[in-house]
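Below: one structure, written as structure tokens.
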Amino acid sequence: MRYADIQVETERLRLRPFEMGDAEDWFKIMSSPEVTRYWSHLPWQSLQEAQEDIIQDITHMERKEYLRLAVIDKATNALMGMCVFFNHYPNSRRGEIGYCLDTAYQGRGIMKEAMVAFITYLQTHLSVRRLEADIHPDNKASATLLMKLGFEQEGYLKQRWIVGDEISDSIVFGLLLPSKVE
């Protein structure tokens, strides 16, 4: 299956590839200092960054280099965030995940709902058996989400990222599948 054709649905959400029409909303999300506080880059400064990011997505997804899906509110068709699967090692059936959510939608269980569906898709369609995630040590909300999804903390990497002028550590989490994600 082509990554560009993937659609995953839950009760409230639709996960689908990004489209050029998402650029303004995507820029709004990724230019937010609150959303990008623990991200691997500084907040975006221009709409062009969002447009270039979506073009890059299209190219990388055509090559199956990573899978990134927009999280869409089915009721309003609003772009709320994204889920991404990258550094996929098919022979080892493992890869890494990431996610972000617009601050307007946080605290409602949306990302948990999206990630359960996303992880189930990865397990079912890509035969993934292990997932990994790394987060900033101060990102308590992300740590809580990962633990609710069944991830366990597996490591602590000192001075792993430099974003702007800040050097930060990472906490590494892992999840072994095929146990069903709840």
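Following the order of the structure tokens, first chain is A, next is B, and so on, with residues numbered from 1 inside each chain and ligands from 1 in the order they appear.
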*asked:* Report as an MDAnalysis selection string all protein, DNA and RNA residues lying within 12 Å of Tyr121 (chain A), evaluated on only C-alpha atoms, omitting residues in the same chain fewer than 5 positions from it.
replied: chainID A and resid 3 6:10 15 67 69 83:85 114:116 126:129 177:178 180:181
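Restricting the calculation to only C-alpha atoms, the smallest distance between Glu65 (chain A) and any of A:Arg12, A:His125, A:Arg130, A:His88 is found for A:His88.
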*Have a look at A:Phe27, A:Phe173, A:Tyr66, A:Tyr38 and name the one nearest to Lys148 (chain A); count only C-alpha atoms.*
A:Phe173
_Asp73 (chain A) surroundings by only C-alpha atoms, 10 Å radius, close-in-sequence under 4 positions cut, as number ranges by chain_ = A: 10-15, 77-81, 105, 110
Residue subset to file, keeping C-alpha atoms, as a CSV table (one decimal), in the first residue's frame:
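Writing done, so here's part37.csv:
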```csv
chain,number,residue,atom,x,y,z
A,10,THR,CA,-11.5,6.4,15.1
A,11,GLU,CA,-14.8,7.5,16.7
A,12,ARG,CA,-13.7,11.2,16.6
A,13,LEU,CA,-10.7,11.3,14.4
A,14,ARG,CA,-9.4,10.7,10.9
A,15,LEU,CA,-5.6,10.2,10.4
A,77,ASN,CA,-12.4,18.8,9.7
A,78,ALA,CA,-9.9,20.8,11.7
A,79,LEU,CA,-6.2,19.8,11.7
A,80,MET,CA,-5.3,19.1,15.3
A,81,GLY,CA,-1.8,17.6,15.2
A,105,TYR,CA,-7.0,20.3,21.8
A,110,ILE,CA,-7.3,13.1,21.5
```
*Residue neighbourhood Ala141 (chain A), 12 Å, only C-alpha atoms, exclusion window fewer than 6 positions, as a list in words*: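 The residues satisfying every condition are Val35, Tyr38, Tyr99, Cys100, Leu101, Thr103, Gln106, Gly107, Gly109, Met111, Lys112, Ile135, Met147 and Lys148 of chain A.
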Any chance you can output those residues with N, CA and C atoms as a tab-separated table (two decimals), in the first residue's frame?
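Result went into result_21.tsv, see below:
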```tsv
chain	number	residue	atom	x	y	z
A	35	VAL	N	3.63	24.34	21.67
A	35	VAL	CA	3.66	23.05	20.98
A	35	VAL	C	5.10	22.60	20.75
A	38	TYR	N	9.14	21.27	23.47
A	38	TYR	CA	9.97	20.07	23.64
A	38	TYR	C	10.27	19.40	22.29
A	99	TYR	N	4.73	12.59	17.84
A	99	TYR	CA	3.38	13.14	17.75
A	99	TYR	C	3.39	14.56	18.28
A	100	CYS	N	2.41	15.33	17.88
A	100	CYS	CA	2.19	16.64	18.49
A	100	CYS	C	0.72	16.99	18.33
A	101	LEU	N	0.26	17.89	19.20
A	101	LEU	CA	-1.14	18.28	19.21
A	101	LEU	C	-1.24	19.76	19.53
A	103	THR	N	-2.33	23.10	21.09
A	103	THR	CA	-2.68	23.32	22.49
A	103	THR	C	-4.19	23.43	22.69
A	106	GLN	N	-5.47	19.88	23.58
A	106	GLN	CA	-4.81	19.05	24.59
A	106	GLN	C	-5.71	18.83	25.80
A	107	GLY	N	-5.50	17.71	26.47
A	107	GLY	CA	-6.24	17.39	27.69
A	107	GLY	C	-7.60	16.76	27.46
A	109	GLY	N	-7.87	13.63	25.62
A	109	GLY	CA	-7.69	12.24	25.22
A	109	GLY	C	-7.56	12.05	23.72
A	111	MET	N	-4.93	12.71	21.64
A	111	MET	CA	-3.69	12.08	21.19
A	111	MET	C	-3.64	10.62	21.58
A	112	LYS	N	-4.18	10.25	22.71
A	112	LYS	CA	-4.22	8.82	23.07
A	112	LYS	C	-5.07	8.07	22.05
A	135	ILE	N	11.74	11.57	24.45
A	135	ILE	CA	11.10	12.81	24.84
A	135	ILE	C	12.01	13.63	25.75
A	147	MET	N	3.20	6.13	28.80
A	147	MET	CA	2.95	5.09	29.81
A	147	MET	C	1.51	4.56	29.70
A	148	LYS	N	0.54	5.43	29.41
A	148	LYS	CA	-0.83	4.97	29.21
A	148	LYS	C	-0.94	4.04	28.01
```
_Distance in Å - CA of Asp5 (chain A) versus CA of Trp26 (chain A)_ = 19.9 Å
Excluding Asp25 (chain A) and residues on its chain fewer than 4 positions from it, collect all residues at most 12 Å away from it, counting only C-alpha atoms, and give them as a PDB file with N, CA and C atoms, in the first residue's frame.
```pdb
ATOM      1  N   PHE A  18      -0.766  14.506   5.062  1.00  0.00           N
ATOM      2  CA  PHE A  18      -0.891  15.954   4.938  1.00  0.00           C
ATOM      3  C   PHE A  18      -1.139  16.336   3.487  1.00  0.00           C
ATOM      4  N   GLU A  19      -1.841  17.441   3.301  1.00  0.00           N
ATOM      5  CA  GLU A  19      -2.133  18.004   1.984  1.00  0.00           C
ATOM      6  C   GLU A  19      -1.671  19.451   1.990  1.00  0.00           C
ATOM      7  N   MET A  20      -1.412  20.010   0.814  1.00  0.00           N
ATOM      8  CA  MET A  20      -0.970  21.403   0.739  1.00  0.00           C
ATOM      9  C   MET A  20      -1.983  22.348   1.380  1.00  0.00           C
ATOM     10  N   GLY A  21      -3.251  22.000   1.345  1.00  0.00           N
ATOM     11  CA  GLY A  21      -4.272  22.822   1.977  1.00  0.00           C
ATOM     12  C   GLY A  21      -4.158  22.891   3.492  1.00  0.00           C
ATOM     13  N   ILE A  29       0.181  25.535  14.161  1.00  0.00           N
ATOM     14  CA  ILE A  29       0.561  24.569  15.201  1.00  0.00           C
ATOM     15  C   ILE A  29       2.063  24.624  15.469  1.00  0.00           C
ATOM     16  N   MET A  30       2.865  24.558  14.410  1.00  0.00           N
ATOM     17  CA  MET A  30       4.316  24.445  14.586  1.00  0.00           C
ATOM     18  C   MET A  30       5.010  25.786  14.837  1.00  0.00           C
ATOM     19  N   SER A  31       4.275  26.873  14.779  1.00  0.00           N
ATOM     20  CA  SER A  31       4.853  28.168  15.150  1.00  0.00           C
ATOM     21  C   SER A  31       4.553  28.493  16.611  1.00  0.00           C
ATOM     22  N   SER A  32       3.812  27.626  17.271  1.00  0.00           N
ATOM     23  CA  SER A  32       3.449  27.832  18.674  1.00  0.00           C
ATOM     24  C   SER A  32       4.606  27.443  19.593  1.00  0.00           C
ATOM     25  N   LEU A  47       5.084  30.790   6.918  1.00  0.00           N
ATOM     26  CA  LEU A  47       4.201  29.819   6.272  1.00  0.00           C
ATOM     27  C   LEU A  47       4.995  28.936   5.311  1.00  0.00           C
ATOM     28  N   ALA A  50       6.042  25.583   6.659  1.00  0.00           N
ATOM     29  CA  ALA A  50       4.982  24.571   6.656  1.00  0.00           C
ATOM     30  C   ALA A  50       4.790  23.995   5.264  1.00  0.00           C
ATOM     31  N   GLN A  51       4.810  24.846   4.263  1.00  0.00           N
ATOM     32  CA  GLN A  51       4.653  24.380   2.886  1.00  0.00           C
ATOM     33  C   GLN A  51       5.792  23.448   2.489  1.00  0.00           C
ATOM     34  N   ILE A  54       5.432  20.036   4.180  1.00  0.00           N
ATOM     35  CA  ILE A  54       4.426  19.175   3.545  1.00  0.00           C
ATOM     36  C   ILE A  54       4.963  18.618   2.229  1.00  0.00           C
ATOM     37  N   ALA A  70      -1.693  13.445   9.416  1.00  0.00           N
ATOM     38  CA  ALA A  70      -2.373  14.554  10.083  1.00  0.00           C
ATOM     39  C   ALA A  70      -3.506  13.984  10.924  1.00  0.00           C
ATOM     40  N   VAL A  71      -3.708  14.552  12.101  1.00  0.00           N
ATOM     41  CA  VAL A  71      -4.821  14.171  12.970  1.00  0.00           C
ATOM     42  C   VAL A  71      -5.928  15.201  12.748  1.00  0.00           C
ATOM     43  N   ILE A  72      -7.048  14.720  12.218  1.00  0.00           N
ATOM     44  CA  ILE A  72      -8.157  15.583  11.808  1.00  0.00           C
ATOM     45  C   ILE A  72      -9.380  15.299  12.671  1.00  0.00           C
ATOM     46  N   ASN A  77     -13.450  18.882  10.676  1.00  0.00           N
ATOM     47  CA  ASN A  77     -12.401  18.782   9.657  1.00  0.00           C
ATOM     48  C   ASN A  77     -11.165  19.630  10.000  1.00  0.00           C
ATOM     49  N   ALA A  78     -11.006  19.979  11.271  1.00  0.00           N
ATOM     50  CA  ALA A  78      -9.870  20.791  11.711  1.00  0.00           C
ATOM     51  C   ALA A  78      -8.625  19.928  11.873  1.00  0.00           C
ATOM     52  N   LEU A  79      -7.480  20.467  11.449  1.00  0.00           N
ATOM     53  CA  LEU A  79      -6.186  19.835  11.688  1.00  0.00           C
ATOM     54  C   LEU A  79      -5.812  20.088  13.141  1.00  0.00           C
ATOM     55  N   MET A  80      -5.602  19.014  13.890  1.00  0.00           N
ATOM     56  CA  MET A  80      -5.316  19.141  15.314  1.00  0.00           C
ATOM     57  C   MET A  80      -3.869  18.826  15.658  1.00  0.00           C
ATOM     58  N   GLY A  81      -3.209  18.016  14.851  1.00  0.00           N
ATOM     59  CA  GLY A  81      -1.841  17.608  15.154  1.00  0.00           C
ATOM     60  C   GLY A  81      -1.383  16.550  14.180  1.00  0.00           C
ATOM     61  N   MET A  82      -0.439  15.725  14.610  1.00  0.00           N
ATOM     62  CA  MET A  82       0.075  14.664  13.733  1.00  0.00           C
ATOM     63  C   MET A  82       0.678  13.530  14.538  1.00  0.00           C
ATOM     64  N   LEU A 101       0.265  17.891  19.195  1.00  0.00           N
ATOM     65  CA  LEU A 101      -1.139  18.276  19.215  1.00  0.00           C
ATOM     66  C   LEU A 101      -1.237  19.760  19.526  1.00  0.00           C
ATOM     67  N   ASP A 102      -2.048  20.454  18.750  1.00  0.00           N
ATOM     68  CA  ASP A 102      -2.314  21.872  18.989  1.00  0.00           C
ATOM     69  C   ASP A 102      -2.789  22.045  20.430  1.00  0.00           C
TER      70      ASP A 102
END
```
*Could you find all residues in chain A that DSSP calls strand (DSSP E) from the backbone, and write them as an MDAnalysis selection string?*
chainID A and resid 8:9 13:17 67:73 79:89 94:101 130:135 152:163 166:176
Output C-alpha atoms for every residue in that selection, as a PDB file, in the first residue's frame.
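To be explicit, this is the file written out as out_15.pdb:
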```
ATOM      1  CA  VAL A   8      -7.122   5.558   9.712  1.00  0.00           C
ATOM      2  CA  GLU A   9     -10.358   6.405  11.510  1.00  0.00           C
ATOM      3  CA  LEU A  13     -10.651  11.322  14.383  1.00  0.00           C
ATOM      4  CA  ARG A  14      -9.372  10.737  10.879  1.00  0.00           C
ATOM      5  CA  LEU A  15      -5.642  10.220  10.354  1.00  0.00           C
ATOM      6  CA  ARG A  16      -4.550  10.958   6.811  1.00  0.00           C
ATOM      7  CA  PRO A  17      -1.511  12.222   4.898  1.00  0.00           C
ATOM      8  CA  LEU A  67       4.822   7.753   7.656  1.00  0.00           C
ATOM      9  CA  ARG A  68       3.349  10.993   8.978  1.00  0.00           C
ATOM     10  CA  LEU A  69      -0.393  11.441   9.270  1.00  0.00           C
ATOM     11  CA  ALA A  70      -2.373  14.554  10.083  1.00  0.00           C
ATOM     12  CA  VAL A  71      -4.821  14.171  12.970  1.00  0.00           C
ATOM     13  CA  ILE A  72      -8.157  15.583  11.808  1.00  0.00           C
ATOM     14  CA  ASP A  73     -11.323  16.233  13.836  1.00  0.00           C
ATOM     15  CA  LEU A  79      -6.186  19.835  11.688  1.00  0.00           C
ATOM     16  CA  MET A  80      -5.316  19.141  15.314  1.00  0.00           C
ATOM     17  CA  GLY A  81      -1.841  17.608  15.154  1.00  0.00           C
ATOM     18  CA  MET A  82       0.075  14.664  13.733  1.00  0.00           C
ATOM     19  CA  CYS A  83       1.502  11.194  14.337  1.00  0.00           C
ATOM     20  CA  VAL A  84       4.748  10.065  12.726  1.00  0.00           C
ATOM     21  CA  PHE A  85       6.554   6.727  12.308  1.00  0.00           C
ATOM     22  CA  PHE A  86      10.214   6.988  11.268  1.00  0.00           C
ATOM     23  CA  ASN A  87      13.575   5.221  11.447  1.00  0.00           C
ATOM     24  CA  HIS A  88      11.783   2.065  10.377  1.00  0.00           C
ATOM     25  CA  TYR A  89      13.927  -1.048  10.313  1.00  0.00           C
ATOM     26  CA  ARG A  94      10.887  -1.737  14.736  1.00  0.00           C
ATOM     27  CA  GLY A  95      10.825   2.017  14.417  1.00  0.00           C
ATOM     28  CA  GLU A  96      10.280   5.276  16.248  1.00  0.00           C
ATOM     29  CA  ILE A  97       7.169   7.334  16.783  1.00  0.00           C
ATOM     30  CA  GLY A  98       6.444  10.966  17.449  1.00  0.00           C
ATOM     31  CA  TYR A  99       3.378  13.144  17.746  1.00  0.00           C
ATOM     32  CA  CYS A 100       2.193  16.643  18.488  1.00  0.00           C
ATOM     33  CA  LEU A 101      -1.139  18.276  19.215  1.00  0.00           C
ATOM     34  CA  ARG A 130       8.749  -2.736  18.730  1.00  0.00           C
ATOM     35  CA  LEU A 131       8.263   1.016  18.950  1.00  0.00           C
ATOM     36  CA  GLU A 132      10.533   3.596  20.488  1.00  0.00           C
ATOM     37  CA  ALA A 133      10.049   7.223  21.452  1.00  0.00           C
ATOM     38  CA  ASP A 134      12.363   9.809  22.935  1.00  0.00           C
ATOM     39  CA  ILE A 135      11.096  12.813  24.836  1.00  0.00           C
ATOM     40  CA  GLU A 152       8.231   1.698  29.477  1.00  0.00           C
ATOM     41  CA  GLN A 153      11.137   3.994  30.179  1.00  0.00           C
ATOM     42  CA  GLU A 154      14.264   2.239  28.942  1.00  0.00           C
ATOM     43  CA  GLY A 155      16.984   4.819  29.065  1.00  0.00           C
ATOM     44  CA  TYR A 156      18.231   8.320  29.648  1.00  0.00           C
ATOM     45  CA  LEU A 157      20.502   9.987  27.089  1.00  0.00           C
ATOM     46  CA  LYS A 158      22.466  12.992  28.295  1.00  0.00           C
ATOM     47  CA  GLN A 159      22.794  16.082  26.102  1.00  0.00           C
ATOM     48  CA  ARG A 160      21.154  14.414  23.112  1.00  0.00           C
ATOM     49  CA  TRP A 161      19.591  17.496  21.499  1.00  0.00           C
ATOM     50  CA  ILE A 162      20.604  21.069  20.859  1.00  0.00           C
ATOM     51  CA  VAL A 163      17.640  23.265  19.939  1.00  0.00           C
ATOM     52  CA  GLU A 166      19.359  24.836  24.777  1.00  0.00           C
ATOM     53  CA  ILE A 167      21.137  21.526  25.255  1.00  0.00           C
ATOM     54  CA  SER A 168      18.746  18.880  26.528  1.00  0.00           C
ATOM     55  CA  ASP A 169      18.657  15.275  27.558  1.00  0.00           C
ATOM     56  CA  SER A 170      16.228  12.618  26.303  1.00  0.00           C
ATOM     57  CA  ILE A 171      14.272   9.899  28.000  1.00  0.00           C
ATOM     58  CA  VAL A 172      13.872   6.833  25.787  1.00  0.00           C
ATOM     59  CA  PHE A 173      10.696   4.767  25.960  1.00  0.00           C
ATOM     60  CA  GLY A 174       9.982   1.411  24.316  1.00  0.00           C
ATOM     61  CA  LEU A 175       6.884  -0.660  23.601  1.00  0.00           C
ATOM     62  CA  LEU A 176       6.921  -4.320  22.628  1.00  0.00           C
TER      63      LEU A 176
END
```
